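Participant: Okay, so here is work-v6.pdb, and as you'll see once you scroll down, it has PDB, C-alpha atoms.
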ATOM      1  CA  MET A   7       2.417   7.444 -30.362  1.00  0.00           C
ATOM      2  CA  ALA A   8       0.244  10.481 -29.809  1.00  0.00           C
ATOM      3  CA  ASN A   9       0.547  13.476 -32.125  1.00  0.00           C
ATOM      4  CA  ILE A  10      -1.283  15.938 -29.926  1.00  0.00           C
ATOM      5  CA  LYS A  11       0.943  17.969 -27.642  1.00  0.00           C
ATOM      6  CA  SER A  12      -1.345  17.752 -24.611  1.00  0.00           C
ATOM      7  CA  GLN A  13      -1.664  13.991 -24.988  1.00  0.00           C
ATOM      8  CA  ILE A  14       2.118  13.596 -25.160  1.00  0.00           C
ATOM      9  CA  LYS A  15       2.403  15.490 -21.874  1.00  0.00           C
ATOM     10  CA  ARG A  16      -0.467  13.489 -20.348  1.00  0.00           C
ATOM     11  CA  ASN A  17       1.356  10.261 -21.291  1.00  0.00           C
ATOM     12  CA  ARG A  18       4.489  11.493 -19.503  1.00  0.00           C
ATOM     13  CA  GLN A  19       2.455  12.418 -16.409  1.00  0.00           C
ATOM     14  CA  ASN A  20       0.689   9.054 -16.403  1.00  0.00           C
ATOM     15  CA  GLU A  21       4.017   7.214 -16.521  1.00  0.00           C
ATOM     16  CA  VAL A  22       5.364   9.172 -13.536  1.00  0.00           C
ATOM     17  CA  ALA A  23       2.169   8.480 -11.577  1.00  0.00           C
ATOM     18  CA  ARG A  24       2.296   4.792 -12.515  1.00  0.00           C
ATOM     19  CA  GLN A  25       5.837   4.441 -11.200  1.00  0.00           C
ATOM     20  CA  ARG A  26       4.948   6.266  -7.975  1.00  0.00           C
ATOM     21  CA  ASN A  27       1.816   4.155  -7.404  1.00  0.00           C
ATOM     22  CA  LYS A  28       3.784   0.976  -8.102  1.00  0.00           C
ATOM     23  CA  ALA A  29       6.335   1.929  -5.442  1.00  0.00           C
ATOM     24  CA  VAL A  30       3.598   2.693  -2.902  1.00  0.00           C
ATOM     25  CA  ARG A  31       1.818  -0.627  -3.524  1.00  0.00           C
ATOM     26  CA  SER A  32       5.113  -2.474  -3.192  1.00  0.00           C
ATOM     27  CA  GLU A  33       5.773  -0.744   0.128  1.00  0.00           C
ATOM     28  CA  LEU A  34       2.278  -1.684   1.344  1.00  0.00           C
ATOM     29  CA  ARG A  35       2.919  -5.353   0.630  1.00  0.00           C
ATOM     30  CA  THR A  36       6.321  -5.196   2.333  1.00  0.00           C
ATOM     31  CA  ARG A  37       4.940  -3.546   5.474  1.00  0.00           C
ATOM     32  CA  GLU A  38       2.048  -5.993   5.698  1.00  0.00           C
ATOM     33  CA  LYS A  39       4.378  -8.973   5.334  1.00  0.00           C
ATOM     34  CA  SER A  40       6.789  -7.660   7.958  1.00  0.00           C
ATOM     35  CA  ALA A  41       3.948  -7.069  10.445  1.00  0.00           C
ATOM     36  CA  VAL A  42       2.541 -10.569   9.944  1.00  0.00           C
ATOM     37  CA  LYS A  43       5.987 -12.171  10.111  1.00  0.00           C
ATOM     38  CA  ALA A  44       6.764 -10.316  13.352  1.00  0.00           C
ATOM     39  CA  ALA A  45       3.452 -11.439  14.861  1.00  0.00           C
ATOM     40  CA  GLU A  46       4.058 -15.059  13.896  1.00  0.00           C
ATOM     41  CA  SER A  47       7.584 -15.059  15.300  1.00  0.00           C
ATOM     42  CA  GLY A  48       6.457 -13.318  18.504  1.00  0.00           C
ATOM     43  CA  ALA A  49       8.674 -10.245  18.124  1.00  0.00           C
ATOM     44  CA  ASP A  50       8.250  -7.319  20.518  1.00  0.00           C
ATOM     45  CA  ASP A  51       7.765  -4.652  17.815  1.00  0.00           C
ATOM     46  CA  VAL A  52       4.549  -6.168  16.419  1.00  0.00           C
ATOM     47  CA  GLU A  53       2.377  -3.223  17.456  1.00  0.00           C
ATOM     48  CA  GLU A  54       4.783  -0.714  15.935  1.00  0.00           C
ATOM     49  CA  LEU A  55       5.015  -2.601  12.621  1.00  0.00           C
ATOM     50  CA  THR A  56       1.246  -3.076  12.478  1.00  0.00           C
ATOM     51  CA  ARG A  57       0.651   0.606  13.195  1.00  0.00           C
ATOM     52  CA  ALA A  58       3.115   1.576  10.442  1.00  0.00           C
ATOM     53  CA  ALA A  59       1.392  -0.748   7.950  1.00  0.00           C
ATOM     54  CA  VAL A  60      -2.075   0.587   8.794  1.00  0.00           C
ATOM     55  CA  LYS A  61      -0.843   4.171   8.576  1.00  0.00           C
ATOM     56  CA  ARG A  62       0.658   3.542   5.135  1.00  0.00           C
ATOM     57  CA  ILE A  63      -2.546   1.857   3.939  1.00  0.00           C
ATOM     58  CA  ASP A  64      -4.584   4.878   5.102  1.00  0.00           C
ATOM     59  CA  THR A  65      -2.185   7.279   3.392  1.00  0.00           C
ATOM     60  CA  ALA A  66      -2.351   5.338   0.122  1.00  0.00           C
ATOM     61  CA  ALA A  67      -6.154   5.418   0.257  1.00  0.00           C
ATOM     62  CA  SER A  68      -6.269   9.142   0.966  1.00  0.00           C
ATOM     63  CA  LYS A  69      -3.877   9.860  -1.919  1.00  0.00           C
ATOM     64  CA  GLY A  70      -5.985   7.766  -4.290  1.00  0.00           C
ATOM     65  CA  VAL A  71      -3.394   5.058  -4.905  1.00  0.00           C
ATOM     66  CA  ILE A  72      -5.858   2.420  -3.698  1.00  0.00           C
ATOM     67  CA  HIS A  73      -9.628   2.610  -3.181  1.00  0.00           C
ATOM     68  CA  LYS A  74     -10.929   3.225   0.331  1.00  0.00           C
ATOM     69  CA  ASN A  75     -12.751  -0.121   0.401  1.00  0.00           C
ATOM     70  CA  THR A  76      -9.561  -1.881  -0.679  1.00  0.00           C
ATOM     71  CA  ALA A  77      -7.749  -0.135   2.171  1.00  0.00           C
ATOM     72  CA  ALA A  78     -10.426  -1.249   4.629  1.00  0.00           C
ATOM     73  CA  ARG A  79     -10.158  -4.832   3.382  1.00  0.00           C
ATOM     74  CA  HIS A  80      -6.359  -4.824   3.682  1.00  0.00           C
ATOM     75  CA  LYS A  81      -6.500  -3.429   7.214  1.00  0.00           C
ATOM     76  CA  SER A  82      -9.152  -5.930   8.249  1.00  0.00           C
ATOM     77  CA  ARG A  83      -7.214  -8.902   6.928  1.00  0.00           C
ATOM     78  CA  LEU A  84      -3.963  -7.615   8.395  1.00  0.00           C
ATOM     79  CA  MET A  85      -5.467  -7.184  11.869  1.00  0.00           C
ATOM     80  CA  LYS A  86      -7.121 -10.590  11.636  1.00  0.00           C
ATOM     81  CA  ARG A  87      -3.810 -12.284  10.802  1.00  0.00           C
ATOM     82  CA  VAL A  88      -1.854 -10.370  13.452  1.00  0.00           C
ATOM     83  CA  ASN A  89      -4.424 -11.095  16.178  1.00  0.00           C
ATOM     84  CA  LYS A  90      -4.566 -14.762  15.223  1.00  0.00           C
ATOM     85  CA  ALA A  91      -0.784 -15.048  15.356  1.00  0.00           C
ATOM     86  CA  ALA A  92      -0.653 -13.198  18.673  1.00  0.00           C
ATOM     87  CA  ALA A  93      -3.320 -15.451  20.202  1.00  0.00           C
ATOM     88  CA  GLY A  94      -1.543 -18.574  18.949  1.00  0.00           C
ATOM     89  CA  SER A  95       1.816 -17.707  20.508  1.00  0.00           C
TER
END
Would you put the structure from the file into structure tokens?

Facilitator:
Amino acid sequence: MANIKSQIKRNRQNEVARQRNKAVRSELRTREKSAVKAAESGADDVEELTRAAVKRIDTAASKGVIHKNTAARHKSRLMKRVNKAAAGS
């Protein structure tokens, strides 16, 4: 445990940020899965779900939760999977 006052506060701040980032990453995975699942099942709201997932990925990258190259990779793979599922059905 830290003895320095500023480090104690920094530890508290880091824990809050960690929890927030964890929630955002979890939401990213959920949105990506729902978009892919909708594309594979041939649902009508595929575009809307994909747009929501991409928007959330961009937001996470701009806030610094994930790196911009990671965001680009996620978007690329998401679009690839959605387009493949759409072409297959």

Participant: Give as a PyMOL selection string the set of residues within 12 Å of the point (4.4, -0.6, -0.9), where distances use the file's coordinates and only C-alpha atoms.

Facilitator: chain A and resi 25-40+58-63+65-66+71-72

Participant: Could you write those residues out with C-alpha atoms, as a compact mmCIF listing (two decimals), in the frame of the given file?

Facilitator:
# COMPACT_ATOMS: atom_id res chain seq x y z
CA GLN A 25 5.84 4.44 -11.20
CA ARG A 26 4.95 6.27 -7.98
CA ASN A 27 1.82 4.16 -7.40
CA LYS A 28 3.78 0.98 -8.10
CA ALA A 29 6.34 1.93 -5.44
CA VAL A 30 3.60 2.69 -2.90
CA ARG A 31 1.82 -0.63 -3.52
CA SER A 32 5.11 -2.47 -3.19
CA GLU A 33 5.77 -0.74 0.13
CA LEU A 34 2.28 -1.68 1.34
CA ARG A 35 2.92 -5.35 0.63
CA THR A 36 6.32 -5.20 2.33
CA ARG A 37 4.94 -3.55 5.47
CA GLU A 38 2.05 -5.99 5.70
CA LYS A 39 4.38 -8.97 5.33
CA SER A 40 6.79 -7.66 7.96
CA ALA A 58 3.12 1.58 10.44
CA ALA A 59 1.39 -0.75 7.95
CA VAL A 60 -2.08 0.59 8.79
CA LYS A 61 -0.84 4.17 8.58
CA ARG A 62 0.66 3.54 5.14
CA ILE A 63 -2.55 1.86 3.94
CA THR A 65 -2.18 7.28 3.39
CA ALA A 66 -2.35 5.34 0.12
CA VAL A 71 -3.39 5.06 -4.90
CA ILE A 72 -5.86 2.42 -3.70

Participant: Please, what distance in Å, to one decimal, runs between CA of Lys43 in chain A and CA of Ala91 in chain A?

Facilitator: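 Interatomic distance here is 9.0 Å.
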
Participant: Could you pull the residues within 12 Å of range 45-48 of chain A, counting all atoms listed in the file, minus those fewer than 4 positions along the same chain, as a ChimeraX atom specification?

Facilitator: /A:38-41,52-56,84-95

Participant: Keeping C-alpha atoms for every residue in the selection just given, could you write it to a file as an mmCIF file, keeping the file's coordinate frame?

Facilitator:
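Done, and the output landed in result38.cif:
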data_model
loop_
_atom_site.group_PDB
_atom_site.id
_atom_site.type_symbol
_atom_site.label_atom_id
_atom_site.label_comp_id
_atom_site.auth_asym_id
_atom_site.auth_seq_id
_atom_site.Cartn_x
_atom_site.Cartn_y
_atom_site.Cartn_z
ATOM 1 C CA GLU A 38 2.048 -5.993 5.698
ATOM 2 C CA LYS A 39 4.378 -8.973 5.334
ATOM 3 C CA SER A 40 6.789 -7.660 7.958
ATOM 4 C CA ALA A 41 3.948 -7.069 10.445
ATOM 5 C CA VAL A 52 4.549 -6.168 16.419
ATOM 6 C CA GLU A 53 2.377 -3.223 17.456
ATOM 7 C CA GLU A 54 4.783 -0.714 15.935
ATOM 8 C CA LEU A 55 5.015 -2.601 12.621
ATOM 9 C CA THR A 56 1.246 -3.076 12.478
ATOM 10 C CA LEU A 84 -3.963 -7.615 8.395
ATOM 11 C CA MET A 85 -5.467 -7.184 11.869
ATOM 12 C CA LYS A 86 -7.121 -10.590 11.636
ATOM 13 C CA ARG A 87 -3.810 -12.284 10.802
ATOM 14 C CA VAL A 88 -1.854 -10.370 13.452
ATOM 15 C CA ASN A 89 -4.424 -11.095 16.178
ATOM 16 C CA LYS A 90 -4.566 -14.762 15.223
ATOM 17 C CA ALA A 91 -0.784 -15.048 15.356
ATOM 18 C CA ALA A 92 -0.653 -13.198 18.673
ATOM 19 C CA ALA A 93 -3.320 -15.451 20.202
ATOM 20 C CA GLY A 94 -1.543 -18.574 18.949
ATOM 21 C CA SER A 95 1.816 -17.707 20.508
#

Participant: For Asp64 in chain A, which residue out of A:Arg24, A:Thr76, A:Asp50, A:Asn17 is the nearest one, using only C-alpha atoms?

Facilitator: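 The closest residue to Asp64 in chain A is A:Thr76.
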
Participant: Around all the atoms of range 50-68 of chain A listed in the file, draw an axis-aligned box and extend it by 4 Å on each of the six sides; I want its centre and edge lengths in Å to one decimal, as AutoDock Vina command-line options.

Facilitator:
--center_x 1.0 --center_y 0.9 --center_z 10.3 --size_x 22.5 --size_y 24.5 --size_z 28.4

Participant: Hey, can you check how far CA of Ala23 in chain A sits from CA of Lys69 in chain A?

Facilitator: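 These two atoms are separated by 11.5 Å.
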
Participant: Interatomic distance between CA of Gln13 in chain A and CA of His73 in chain A?

Facilitator: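 Rounded to one decimal, the two atoms are 25.9 Å apart.
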